[in-house]
>>> print(open('entry01.tsv').read())   # TSV, C-alpha atoms
chain	number	residue	atom	x	y	z
E	1	MET	CA	146.13	342.58	321.50
E	2	PRO	CA	146.07	341.99	317.74
E	3	HIS	CA	146.58	338.19	318.09
E	4	LYS	CA	143.46	337.75	320.19
E	5	ASP	CA	141.44	339.85	317.72
E	6	LEU	CA	142.77	337.72	314.86
E	7	ALA	CA	141.74	334.49	316.59
E	8	VAL	CA	138.23	335.87	317.22
E	9	LYS	CA	137.99	337.04	313.62
E	10	LYS	CA	139.04	333.59	312.30
E	11	LYS	CA	136.52	331.84	314.52
E	12	TRP	CA	133.76	334.20	313.42
E	13	LYS	CA	134.71	333.74	309.75
E	14	LYS	CA	134.70	329.96	310.11
E	15	GLU	CA	131.26	330.01	311.74
E	16	TYR	CA	129.95	332.40	309.08
E	17	ASN	CA	131.30	330.21	306.25
E	18	LYS	CA	129.78	327.10	307.79
E	19	LYS	CA	126.38	328.80	308.13
E	20	TYR	CA	126.61	330.16	304.57
E	21	TYR	CA	127.42	326.69	303.25
E	22	GLN	CA	124.49	325.12	305.12
E	23	GLU	CA	122.12	327.73	303.68
E	24	ASN	CA	123.46	327.29	300.13
E	25	LYS	CA	124.28	323.58	300.08
E	26	GLU	CA	122.28	322.87	296.92
E	27	SER	CA	123.99	325.57	294.86
E	28	PHE	CA	127.42	324.36	296.07
E	29	SER	CA	126.46	320.83	295.10
E	30	GLU	CA	125.30	321.89	291.63
E	31	TYR	CA	128.45	323.96	291.10
E	32	ASN	CA	130.67	321.04	292.16
E	33	LYS	CA	128.87	318.59	289.85
E	34	LYS	CA	129.16	321.01	286.93
E	35	TYR	CA	132.83	321.72	287.67
E	36	LYS	CA	133.68	318.01	287.91
E	37	LYS	CA	131.87	317.26	284.66
E	38	GLU	CA	133.60	320.11	282.78
E	39	ASN	CA	137.06	319.36	284.22
E	40	LYS	CA	137.03	315.56	284.35
E	41	ASP	CA	140.33	315.11	282.50
E	42	SER	CA	142.30	317.68	284.47
E	43	ILE	CA	140.94	316.34	287.78
E	44	ARG	CA	141.89	312.79	286.75
E	45	GLU	CA	145.40	313.96	285.79
E	46	LYS	CA	145.89	315.83	289.09
E	47	ASN	CA	144.72	312.77	291.04
E	48	ARG	CA	147.08	310.56	289.03
E	49	GLU	CA	150.01	312.91	289.71
E	50	TYR	CA	149.16	312.93	293.43
E	51	VAL	CA	149.04	309.12	293.59
E	52	ILE	CA	152.38	308.85	291.79
E	53	LYS	CA	154.00	311.29	294.26
E	54	ASN	CA	152.22	309.80	297.33
E	55	PRO	CA	151.45	306.13	296.61
E	56	TRP	CA	151.29	305.26	300.31
E	57	VAL	CA	148.09	307.30	300.69
E	58	GLU	CA	146.19	305.29	298.07
E	59	MET	CA	147.68	302.00	299.33
E	60	THR	CA	146.41	302.68	302.84
E	61	THR	CA	142.95	303.67	301.61
E	62	LYS	CA	142.61	300.59	299.41
E	63	ALA	CA	143.85	298.26	302.14
E	64	LYS	CA	141.32	299.63	304.60
E	65	THR	CA	138.40	298.86	302.29
E	66	ARG	CA	139.72	295.52	301.04
E	67	THR	CA	139.21	293.21	304.01
E	68	ASN	CA	137.41	292.70	307.28
E	69	LEU	CA	140.74	291.98	308.95
E	70	PRO	CA	142.35	294.08	311.69
E	71	PHE	CA	143.61	297.44	310.43
E	72	ASN	CA	145.69	300.01	312.30
E	73	ILE	CA	148.13	301.45	309.77
E	74	THR	CA	148.18	305.02	308.50
E	75	SER	CA	149.60	306.53	305.33
E	76	GLU	CA	152.36	308.04	307.51
E	77	TYR	CA	153.27	304.55	308.77
E	78	VAL	CA	153.35	303.16	305.23
E	79	LYS	CA	155.57	306.08	304.19
E	80	SER	CA	157.88	305.34	307.14
E	81	ILE	CA	158.45	301.73	305.99
E	82	TRP	CA	158.86	302.65	302.32
E	83	PRO	CA	162.21	301.33	300.97
E	84	GLU	CA	164.68	304.21	300.80
E	85	ASP	CA	166.00	303.10	297.40
E	86	ASN	CA	162.43	302.90	295.98
E	87	THR	CA	163.11	299.27	295.06
E	88	CYS	CA	161.31	296.01	295.84
E	89	PRO	CA	163.29	294.33	298.63
E	90	ALA	CA	162.39	290.84	297.38
E	91	LEU	CA	163.11	291.11	293.65
E	92	GLY	CA	165.23	294.27	293.37
E	93	ILE	CA	162.80	295.84	290.87
E	94	LYS	CA	162.64	299.65	290.86
E	95	PHE	CA	159.10	300.78	291.74
E	96	LYS	CA	157.16	302.30	288.87
E	97	GLN	CA	153.44	303.11	288.78
E	98	GLY	CA	151.26	301.72	286.02
E	99	ILE	CA	148.78	303.89	284.13
E	100	GLY	CA	145.21	302.77	284.76
E	101	GLY	CA	146.19	299.90	287.03
E	102	PRO	CA	149.10	298.08	288.62
E	103	ILE	CA	151.99	296.62	286.64
E	104	ASP	CA	154.59	294.14	287.91
E	105	SER	CA	156.85	296.97	289.13
E	106	SER	CA	154.07	298.89	290.93
E	107	PRO	CA	154.55	299.25	294.68
E	108	SER	CA	152.20	297.03	296.65
E	109	LEU	CA	151.27	296.68	300.32
E	110	ASP	CA	151.89	293.09	301.45
E	111	ARG	CA	150.63	291.41	304.62
E	112	ILE	CA	153.46	289.21	305.89
E	113	ILE	CA	151.06	286.93	307.80
E	114	PRO	CA	147.78	287.44	305.90
E	115	GLU	CA	145.47	286.43	308.76
E	116	LEU	CA	146.82	289.19	311.02
E	117	GLY	CA	145.58	291.90	308.66
E	118	TYR	CA	146.98	295.33	307.92
E	119	ILE	CA	148.59	296.08	311.25
E	120	LYS	CA	151.85	297.76	312.15
E	121	GLY	CA	154.74	295.29	311.96
E	122	ASN	CA	152.83	292.93	309.64
E	123	VAL	CA	153.05	294.87	306.39
E	124	GLN	CA	155.82	295.60	303.93
E	125	ILE	CA	156.16	297.37	300.60
E	126	VAL	CA	157.03	295.04	297.72
E	127	CYS	CA	156.44	295.14	293.97
E	128	PHE	CA	153.14	293.89	292.59
E	129	LEU	CA	154.87	290.87	291.03
E	130	THR	CA	156.22	289.77	294.43
E	131	ASN	CA	152.79	290.18	295.96
E	132	LYS	CA	151.19	288.13	293.14
E	133	ILE	CA	153.72	285.34	293.62
E	134	MET	CA	153.10	285.19	297.36
E	135	SER	CA	149.33	285.72	297.24
E	136	SER	CA	148.38	282.06	297.09
E	137	ALA	CA	151.48	280.18	298.17
E	138	THR	CA	153.45	279.72	301.36
E	139	PRO	CA	157.17	280.57	301.44
E	140	ASP	CA	157.96	276.81	301.45
E	141	GLN	CA	155.82	276.27	298.35
E	142	VAL	CA	157.52	279.17	296.57
E	143	MET	CA	160.93	277.68	297.48
E	144	ALA	CA	159.88	274.26	296.15
E	145	VAL	CA	158.75	275.80	292.86
E	146	ALA	CA	161.96	277.84	292.65
E	147	LYS	CA	164.14	274.75	293.20
E	148	HIS	CA	162.18	272.82	290.59
E	149	TYR	CA	162.52	275.54	287.95
E	150	LYS	CA	166.17	276.13	288.76
E	151	LYS	CA	166.82	272.41	288.27
E	152	ILE	CA	164.99	272.11	284.95
E	153	THR	CA	166.52	275.36	283.64
E	154	GLU	CA	170.03	274.12	284.48
E	155	GLU	CA	169.28	270.79	282.76
E	156	LYS	CA	168.04	272.60	279.62
E	157	ASN	CA	171.08	274.88	279.55
E	158	ALA	CA	173.44	271.92	280.00
E	159	ALA	CA	171.92	270.05	277.02
>>> encode(input="entry01.tsv", output="structure tokens")
Amino acid sequence: MPHKDLAVKKKWKKEYNKKYYQENKESFSEYNKKYKKENKDSIREKNREYVIKNPWVEMTTKAKTRTNLPFNITSEYVKSIWPEDNTCPALGIKFKQGIGGPIDSSPSLDRIIPELGYIKGNVQIVCFLTNKIMSSATPDQVMAVAKHYKKITEEKNAA
């Protein structure tokens, strides 16, 4: 039975590696510190590339640490609600990551009803600009501001 032998061998190897790590933890730690220090730029670039390809992972992690509100979403859930056209559903802006921080077109995780927290059914993916607009105003307030600016813009254009 080669499969059974393989399973036993894998289990033994895993236990051996774990024991070896425990016995040599300090040297592993020193090696990792040295490696990170010597390869800071390449590690940063790899992390940046990963975040660009998988923004839902970082969004979920940041959301979890941001508030004391209820939280039950996963990166898989965020990926499942990601707009298929990679565009903000509110403003029609194509998502694009900023370098070193968010820009108006960066994808952003929005709580529809903020008090409910980051729970399934209460989050959506919108651009950072949309999230900024809605962060301190109700939909009715946003509509009132929009009507006001539409009115004064039309008056200016008519003059």
>>> closest_residue(input="entry01.tsv", among="E:Thr138, E:Ser106, E:Asn131, E:Asn122", to="Pro70 in chain E", atoms="all atoms listed in the file")
E:Asn122
>>> atom_distance(input="entry01.tsv", atom1="CA of Asn54 in chain E", atom2="CA of Pro89 in chain E")
19.1 Å
>>> atom_distance(input="entry01.tsv", atom1="CA of Glu23 in chain E", atom2="CA of Asn39 in chain E")
25.9 Å
>>> atom_distance(input="entry01.tsv", atom1="CA of Ile99 in chain E", atom2="CA of Lys36 in chain E")
21.0 Å
>>> closest_residue(input="entry01.tsv", among="E:Lys94, E:Lys79, E:Lys37, E:Lys14", to="Gln124 in chain E", atoms="all atoms listed in the file")
E:Lys79
>>> axis_aligned_box(input="entry01.tsv", around="range 68-71 of chain E", padding_each_side="3 Å", output="JSON")
{"center_x": 140.5, "center_y": 294.7, "center_z": 309.5, "size_x": 12.2, "size_y": 11.5, "size_z": 10.4}
>>> residues_around(input="entry01.tsv", residues="Gln97 in chain E", least_positions_apart="5", cutoff="9 Å", atoms="only C-alpha atoms", output="ChimeraX atom specification")
/E:51-52,55,102-103,105-107
>>> write_last_selection(input="entry01.tsv", atoms="C-alpha atoms", output="mmCIF file, in the frame of the given file")
data_model
loop_
_atom_site.group_PDB
_atom_site.id
_atom_site.type_symbol
_atom_site.label_atom_id
_atom_site.label_comp_id
_atom_site.auth_asym_id
_atom_site.auth_seq_id
_atom_site.Cartn_x
_atom_site.Cartn_y
_atom_site.Cartn_z
ATOM 1 C CA VAL E 51 149.040 309.120 293.590
ATOM 2 C CA ILE E 52 152.380 308.850 291.790
ATOM 3 C CA PRO E 55 151.450 306.130 296.610
ATOM 4 C CA PRO E 102 149.100 298.080 288.620
ATOM 5 C CA ILE E 103 151.990 296.620 286.640
ATOM 6 C CA SER E 105 156.850 296.970 289.130
ATOM 7 C CA SER E 106 154.070 298.890 290.930
ATOM 8 C CA PRO E 107 154.550 299.250 294.680
#
>>> closest_residue(input="entry01.tsv", among="E:Tyr21, E:Lys40, E:Phe95, E:Pro114", to="Ser136 in chain E", atoms="all atoms listed in the file")
E:Pro114
>>> residues_around(input="entry01.tsv", residues="Lys62 in chain E", least_positions_apart="2", cutoff="12 Å", atoms="only C-alpha atoms", output="PyMOL selection string")
chain E and resi 55-60+64-67+71+73-75+108-109+118
>>> closest_residue(input="entry01.tsv", among="E:Ser80, E:Thr61, E:Thr87, E:Ser29", to="Gly121 in chain E", atoms="all atoms listed in the file")
E:Ser80
>>> closest_residue(input="entry01.tsv", among="E:Lys120, E:Lys151, E:Lys9, E:Arg111", to="Ser135 in chain E", atoms="only C-alpha atoms")
E:Arg111
>>> closest_residue(input="entry01.tsv", among="E:Ile125, E:Lys96, E:Glu38, E:Lys33", to="Val78 in chain E", atoms="all atoms listed in the file")
E:Ile125
